[in-house]
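Coordinates as given in structure.csv (CSV, C-alpha atoms and all ligand atoms):
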```
chain,number,residue,atom,x,y,z
A,580,MET,CA,-21.0,9.2,14.1
A,581,GLU,CA,-22.8,6.9,11.7
A,582,GLN,CA,-23.7,3.4,12.9
A,583,THR,CA,-21.2,0.7,12.1
A,584,PRO,CA,-22.7,-2.0,9.9
A,585,GLN,CA,-22.8,-5.5,11.3
A,586,LYS,CA,-19.8,-7.7,10.4
A,587,LEU,CA,-21.0,-10.8,8.4
A,588,GLU,CA,-18.8,-13.4,6.6
A,589,MET,CA,-15.2,-13.5,5.5
A,590,PHE,CA,-15.1,-13.4,1.7
A,591,TYR,CA,-11.4,-13.0,1.1
A,592,GLU,CA,-8.2,-13.9,2.9
A,593,GLY,CA,-5.0,-12.4,1.6
A,594,LYS,CA,-1.5,-12.6,2.9
A,595,ALA,CA,-1.9,-9.6,5.3
A,596,LYS,CA,-5.6,-9.0,5.6
A,597,LYS,CA,-9.0,-10.7,5.8
A,598,LEU,CA,-12.1,-9.0,4.3
A,599,TYR,CA,-15.6,-9.3,5.6
A,600,THR,CA,-18.9,-8.4,4.1
A,601,THR,CA,-21.2,-6.3,6.3
A,602,SER,CA,-24.9,-5.6,6.6
A,603,ASP,CA,-24.3,-2.7,4.1
A,604,PRO,CA,-23.5,-4.1,0.7
A,605,ASP,CA,-21.4,-1.0,-0.1
A,606,LEU,CA,-19.1,-1.5,2.9
A,607,VAL,CA,-16.6,-4.1,3.9
A,608,ILE,CA,-14.4,-4.6,7.0
A,609,ALA,CA,-10.7,-5.2,6.6
A,610,TYR,CA,-9.0,-7.1,9.4
A,611,PHE,CA,-5.2,-6.5,9.6
A,612,LYS,CA,-3.2,-9.7,10.5
A,613,ASP,CA,0.3,-10.0,11.9
A,614,ASP,CA,1.3,-12.5,9.2
A,615,ALA,CA,4.3,-11.5,7.1
A,616,THR,CA,5.3,-13.0,3.8
A,617,ALA,CA,7.9,-12.1,1.2
A,618,PHE,CA,8.8,-13.4,-2.3
A,619,ASN,CA,5.2,-14.4,-2.9
A,620,ALA,CA,4.9,-16.2,0.4
A,621,LYS,CA,8.0,-18.4,-0.1
A,622,LYS,CA,9.2,-16.7,3.1
A,623,ARG,CA,6.7,-16.6,6.0
A,624,GLY,CA,6.8,-15.2,9.5
A,625,THR,CA,5.0,-13.0,12.0
A,626,ILE,CA,5.7,-9.4,12.8
A,627,GLU,CA,4.3,-8.8,16.3
A,628,ASP,CA,1.6,-6.1,16.3
A,629,LYS,CA,2.1,-5.5,12.6
A,630,GLY,CA,-1.7,-5.6,12.0
A,631,VAL,CA,-2.3,-2.9,14.6
A,632,VAL,CA,0.5,-0.7,13.4
A,633,ASN,CA,-0.4,-1.0,9.7
A,634,ASN,CA,-4.1,-0.3,10.4
A,635,ARG,CA,-3.1,2.9,12.2
A,636,ILE,CA,-0.5,4.0,9.6
A,637,SER,CA,-2.9,3.3,6.8
A,638,GLU,CA,-5.5,5.4,8.6
A,639,ILE,CA,-3.1,8.3,8.8
A,640,PHE,CA,-2.2,8.2,5.1
A,641,PHE,CA,-5.8,7.7,3.9
A,642,ARG,CA,-6.9,10.7,6.1
A,643,LEU,CA,-4.0,12.8,4.7
A,644,LEU,CA,-4.9,11.8,1.1
A,645,GLU,CA,-8.6,12.4,1.6
A,646,ARG,CA,-7.8,15.9,3.0
A,647,GLU,CA,-5.9,16.6,-0.1
A,648,GLY,CA,-8.8,15.5,-2.4
A,649,ILE,CA,-7.8,11.9,-3.2
A,650,LYS,CA,-10.8,9.6,-3.1
A,651,THR,CA,-10.0,6.4,-1.2
A,652,HIS,CA,-11.9,3.4,0.1
A,653,PHE,CA,-11.3,4.4,3.7
A,654,VAL,CA,-14.4,5.1,5.8
A,655,ARG,CA,-13.0,4.9,9.4
A,656,ARG,CA,-10.9,2.8,11.7
A,657,LEU,CA,-13.1,0.7,13.9
A,658,ASN,CA,-10.6,-0.7,16.4
A,659,ASP,CA,-7.0,-1.9,16.7
A,660,ARG,CA,-7.2,-4.3,13.8
A,661,GLU,CA,-10.3,-3.4,11.8
A,662,MET,CA,-11.0,-0.7,9.2
A,663,LEU,CA,-14.3,0.1,7.6
A,664,CYS,CA,-13.9,0.5,3.8
A,665,ARG,CA,-16.0,1.1,0.7
A,666,ARG,CA,-16.4,-2.2,-1.2
A,667,LEU,CA,-14.3,-2.1,-4.4
A,668,GLU,CA,-14.2,-4.1,-7.6
A,669,ILE,CA,-10.5,-4.4,-7.6
A,670,VAL,CA,-8.4,-3.5,-10.7
A,671,PRO,CA,-5.9,-6.5,-10.9
A,672,VAL,CA,-3.0,-4.2,-11.4
A,673,GLU,CA,-0.4,-3.2,-8.7
A,674,VAL,CA,0.8,0.3,-9.3
A,675,VAL,CA,4.4,0.9,-8.1
A,676,VAL,CA,5.7,4.5,-7.8
A,677,ARG,CA,9.5,4.9,-7.4
A,678,ASN,CA,11.5,8.0,-6.4
A,679,ILE,CA,14.8,6.3,-5.5
A,680,LEU,CA,16.1,3.1,-7.2
A,681,ALA,CA,15.7,0.1,-5.0
A,682,GLY,CA,14.3,-3.5,-4.9
A,683,SER,CA,13.3,-5.3,-8.0
A,684,MET,CA,14.0,-2.3,-10.3
A,685,ALA,CA,17.7,-2.1,-9.0
A,686,LYS,CA,18.0,-5.9,-9.5
A,687,ARG,CA,16.3,-6.0,-12.9
A,688,LEU,CA,18.6,-3.2,-14.3
A,689,GLY,CA,21.8,-4.3,-12.5
A,690,ARG,CA,22.2,-1.0,-10.7
A,691,GLU,CA,23.1,0.0,-7.1
A,692,GLU,CA,20.2,0.7,-4.7
A,693,GLY,CA,19.9,4.4,-3.6
A,694,GLU,CA,20.3,6.2,-6.9
A,695,ALA,CA,17.8,9.2,-7.0
A,696,LEU,CA,15.6,9.0,-10.1
A,697,LYS,CA,15.4,12.2,-11.9
A,698,ARG,CA,11.6,11.9,-12.0
A,699,PRO,CA,9.2,9.5,-10.4
A,700,VAL,CA,8.8,6.2,-12.3
A,701,ILE,CA,5.4,4.4,-12.4
A,702,GLU,CA,5.3,0.7,-13.0
A,703,TYR,CA,2.4,-1.8,-13.3
A,704,TYR,CA,2.4,-5.4,-12.2
A,705,TYR,CA,-0.3,-7.9,-13.0
A,706,LYS,CA,-1.9,-9.0,-9.7
A,707,SER,CA,-1.5,-12.8,-10.0
A,708,ASP,CA,0.0,-15.0,-7.2
A,709,ALA,CA,0.2,-17.9,-9.7
A,710,LEU,CA,2.5,-15.8,-12.0
A,711,ASP,CA,4.4,-14.0,-9.2
A,712,ASP,CA,2.9,-10.6,-10.1
A,713,PRO,CA,4.8,-10.0,-13.5
A,714,LEU,CA,5.8,-6.6,-14.6
A,715,ILE,CA,3.5,-5.4,-17.4
A,716,ASN,CA,2.9,-2.2,-19.3
A,717,ALA,CA,0.0,0.1,-20.1
A,718,ASP,CA,-0.8,-1.7,-23.3
A,719,HIS,CA,-1.2,-5.0,-21.4
A,720,VAL,CA,-3.6,-3.3,-19.0
A,721,LEU,CA,-5.8,-2.0,-21.9
A,722,VAL,CA,-5.5,-5.0,-24.3
A,723,PHE,CA,-6.5,-7.5,-21.6
A,724,GLY,CA,-9.3,-5.2,-20.4
A,725,TRP,CA,-8.0,-4.8,-16.8
A,726,ALA,CA,-8.9,-1.1,-16.9
A,727,THR,CA,-10.1,1.3,-19.6
A,728,THR,CA,-8.0,4.1,-21.1
A,729,GLY,CA,-9.9,6.6,-18.9
A,730,GLU,CA,-9.5,4.5,-15.8
A,731,LEU,CA,-5.8,4.1,-16.4
A,732,ARG,CA,-5.3,7.8,-16.9
A,733,ARG,CA,-7.1,8.4,-13.6
A,734,ILE,CA,-5.0,5.8,-11.8
A,735,ASP,CA,-1.8,7.4,-13.1
A,736,THR,CA,-3.0,10.9,-11.9
A,737,LEU,CA,-4.0,9.6,-8.5
A,738,ALA,CA,-0.7,7.6,-8.1
A,739,SER,CA,1.3,10.6,-9.0
A,740,ARG,CA,-0.6,13.0,-6.7
A,741,THR,CA,-0.4,10.4,-3.9
A,742,ASN,CA,3.4,10.4,-4.4
A,743,ASP,CA,3.6,14.2,-4.2
A,744,ILE,CA,1.4,14.3,-1.0
A,745,MET,CA,3.1,11.5,0.8
A,746,ARG,CA,6.6,12.6,-0.1
A,747,ARG,CA,6.1,16.0,1.3
A,748,PHE,CA,4.4,14.7,4.5
A,749,LEU,CA,7.2,12.2,5.1
A,750,ASP,CA,10.0,14.6,4.3
A,751,GLU,CA,8.8,16.9,7.1
A,752,ARG,CA,9.1,13.8,9.4
A,753,GLY,CA,12.6,12.9,8.3
A,754,ILE,CA,11.7,10.1,6.0
A,755,LEU,CA,12.5,9.4,2.4
A,756,LEU,CA,9.7,7.8,0.4
A,757,VAL,CA,11.8,5.5,-1.8
A,758,ASP,CA,8.9,3.6,-3.5
A,759,PHE,CA,5.5,2.2,-2.8
A,760,LYS,CA,2.7,0.1,-4.2
A,761,LEU,CA,-0.9,1.1,-4.6
A,762,GLU,CA,-4.1,-0.7,-5.6
A,763,PHE,CA,-7.2,0.8,-7.1
A,764,GLY,CA,-10.8,-0.3,-7.5
A,765,ARG,CA,-14.2,0.7,-8.8
A,766,HIS,CA,-16.9,1.9,-6.5
A,767,LYS,CA,-20.2,3.2,-7.9
A,768,GLY,CA,-18.5,3.9,-11.2
A,769,GLU,CA,-15.6,5.8,-9.7
A,770,ILE,CA,-11.9,4.8,-9.3
A,771,LEU,CA,-10.9,4.8,-5.6
A,772,LEU,CA,-7.5,4.2,-4.0
A,773,GLY,CA,-7.8,0.9,-2.0
A,774,ASP,CA,-5.7,-1.6,-0.1
A,775,GLU,CA,-3.4,-0.3,2.6
A,776,ILE,CA,-0.4,2.1,2.8
A,777,CYS,CA,2.1,1.0,5.4
A,778,PRO,CA,5.6,-0.4,5.9
A,779,ASP,CA,4.6,-3.6,4.1
A,780,THR,CA,3.7,-1.7,0.9
A,781,CYS,CA,6.2,1.2,0.9
A,782,ARG,CA,10.0,1.6,1.3
A,783,PHE,CA,10.8,4.2,4.0
A,784,TRP,CA,14.4,5.3,4.7
A,785,ASP,CA,15.5,7.6,7.4
A,786,LYS,CA,16.6,10.8,5.7
A,787,GLU,CA,19.8,11.2,7.8
A,788,THR,CA,21.0,7.6,8.3
A,789,ARG,CA,19.2,5.9,5.4
A,790,LYS,CA,18.2,3.2,7.8
A,791,LYS,CA,15.4,1.1,6.4
A,792,LEU,CA,12.1,1.5,8.3
A,793,ASP,CA,9.9,-1.0,6.3
A,794,LYS,CA,9.4,-4.6,5.4
A,795,ASP,CA,12.8,-4.9,3.8
A,796,ARG,CA,14.0,-5.5,7.4
A,797,PHE,CA,11.9,-8.7,7.3
A,798,ARG,CA,12.6,-9.6,3.6
A,799,ARG,CA,16.3,-9.3,4.1
A,800,ASP,CA,16.7,-10.5,7.7
A,801,LEU,CA,18.0,-7.2,8.9
A,802,GLY,CA,16.6,-7.5,12.4
A,803,GLU,CA,14.7,-4.8,14.4
A,804,VAL,CA,11.7,-5.4,12.3
A,805,GLU,CA,9.0,-4.6,15.0
A,806,ASP,CA,11.1,-1.5,16.1
A,807,ALA,CA,11.0,-0.2,12.5
A,808,TYR,CA,7.2,-0.5,12.2
A,809,HIS,CA,6.8,1.3,15.6
A,810,GLU,CA,9.3,4.0,14.6
A,811,MET,CA,7.3,4.7,11.4
A,812,LEU,CA,4.0,4.9,13.4
A,813,ALA,CA,5.7,7.4,15.7
A,814,ARG,CA,7.0,9.5,12.8
A,815,VAL,CA,3.7,9.7,11.0
A,816,SER,CA,1.8,10.3,14.2
A,817,ARG,CA,3.4,13.7,14.8
Q,1,LIG,P1,9.8,-4.1,-5.5
Q,1,LIG,O1,11.0,-3.3,-5.6
Q,1,LIG,O2,10.0,-5.5,-4.9
Q,1,LIG,O3,9.1,-4.3,-6.9
Q,1,LIG,O4,8.7,-3.4,-4.6
Q,1,LIG,C1,8.3,-2.1,-4.9
Q,1,LIG,C2,7.4,-1.6,-3.8
Q,1,LIG,O5,6.2,-2.3,-3.8
Q,1,LIG,C3,8.0,-1.7,-2.4
Q,1,LIG,O6,7.7,-0.5,-1.8
Q,1,LIG,C4,7.3,-2.8,-1.8
Q,1,LIG,C5,6.0,-2.9,-2.5
Q,1,LIG,N1,5.5,-4.3,-2.7
Q,1,LIG,C6,4.3,-4.7,-2.2
Q,1,LIG,O7,3.6,-3.9,-1.6
Q,1,LIG,N2,3.9,-5.9,-2.5
Q,1,LIG,C7,4.7,-6.8,-3.2
Q,1,LIG,O8,4.2,-8.0,-3.3
Q,1,LIG,C8,5.9,-6.4,-3.6
Q,1,LIG,C9,6.8,-7.4,-4.4
Q,1,LIG,C10,6.3,-5.1,-3.4
```
Can the structure from this file be put into structure tokens for me?
Amino acid sequence: MEQTPQKLEMFYEGKAKKLYTTSDPDLVIAYFKDDATAFNAKKRGTIEDKGVVNNRISEIFFRLLEREGIKTHFVRRLNDREMLCRRLEIVPVEVVVRNILAGSMAKRLGREEGEALKRPVIEYYYKSDALDDPLINADHVLVFGWATTGELRRIDTLASRTNDIMRRFLDERGILLVDFKLEFGRHKGEILLGDEICPDTCRFWDKETRKKLDKDRFRRDLGEVEDAYHEMLARVSR
């Protein structure tokens, strides 16, 4: 195995992760925390072992996606809480893909959660804590220069293929992929899938019982939060 570059200084601390530079300028180390926030950090808490579980679940999804030809920032998992990643110039757009109506879309449109959408819906949100990540459209992305037309087309293709791959994988494990959020960035002129893919950033429902196995248990005070994260790790590990 290639040598692991030396961990240098923390250059970014987000709500769920810290990022460190390394002795290789092309690589960073992501450290997964147990801190949980919701509603743009208006609600705060801790989910025990969340960092460990999210690091492992993200590894499983990134490996799956790489096997299927999606280029991601994932290099390898280093230990319980750290992942070695390619350094990205992040596109400040959160891409949400939805298969079943839930969350902010259900609220915005005044509809019941749980309605199957007749095809996946892709949404964009401007990544800005100060503005609470407002919903935007493709024109906004282009007009404000957050991505080029070519990049946005690539992002849409990658998001849609990621949805197909993850949906099939999860279906075989008794899980409905309700919706999820992706982030992308540039690395050596190419758009790569970044961030993490885990119960913080996806909605996972048990196919039989529709039990929520994701961060909605924390957001909505439903209890059994840690159990849900561990259950998801067990499901994707088989
Ligand atoms: P939403 O229904 O609240 O807009 O969330 C859609 C998906 O995006 C859901 O799977 C959770 C994920 N998400 C994040 O990863 N980060 C966020 O800050 C929010 C609001 C949602």
Original post:
Can you tell me which residues sit at most 7 Å away from ligand LIG 1 (chain Q), counting only C-alpha atoms and all ligand atoms, written as a list in words?
Top reply: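 Result of the 7 Å neighbour search around ligand LIG 1 (chain Q): Phe618, Asn619, Val675, Ala681, Gly682, Ser683, Met684, Asp758, Phe759, Lys760, Asp779, Thr780, Cys781 and Arg782 of chain A.
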Original post:
To one decimal place, how far is atom CA of A:Lys686 from atom CA of A:Ala620 in Å?
Top reply: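 Between atom CA of A:Lys686 and atom CA of A:Ala620 the gap works out to 19.4 Å.
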**OP:** Excluding stretch 713-719 of chain A and any residue of its chain fewer than 6 positions from it, enumerate the residues within 7 Å of it, using only C-alpha atoms, and give them as a list in words.
**Re:** Tyr703, Tyr704 and Tyr705 of chain A
Can you write just those residues out, C-alpha atoms, as a compact mmCIF listing (two decimals), in the frame of the given file?
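Resulting contents of part-v4.txt:
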```txt
# COMPACT_ATOMS: atom_id res chain seq x y z
CA TYR A 703 2.40 -1.80 -13.30
CA TYR A 704 2.40 -5.40 -12.20
CA TYR A 705 -0.30 -7.90 -13.00
```
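The interatomic distance for the pair atom CA of A:Leu643 and atom CA of A:Glu673 works out to 21.2 Å.
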Original post:
Pick from A:Ile636, A:Tyr599, A:Val672, A:Leu721: nearest to A:Ala813, with all atoms listed in the file counted?
Top reply: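 With all atoms listed in the file as the atom set, the closest residue is A:Ile636.
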Subject >> Which residue of A:Arg817, A:Arg796, A:Lys621, A:Arg690 approaches A:Asp708 most closely, using only C-alpha atoms >> reply: A:Lys621
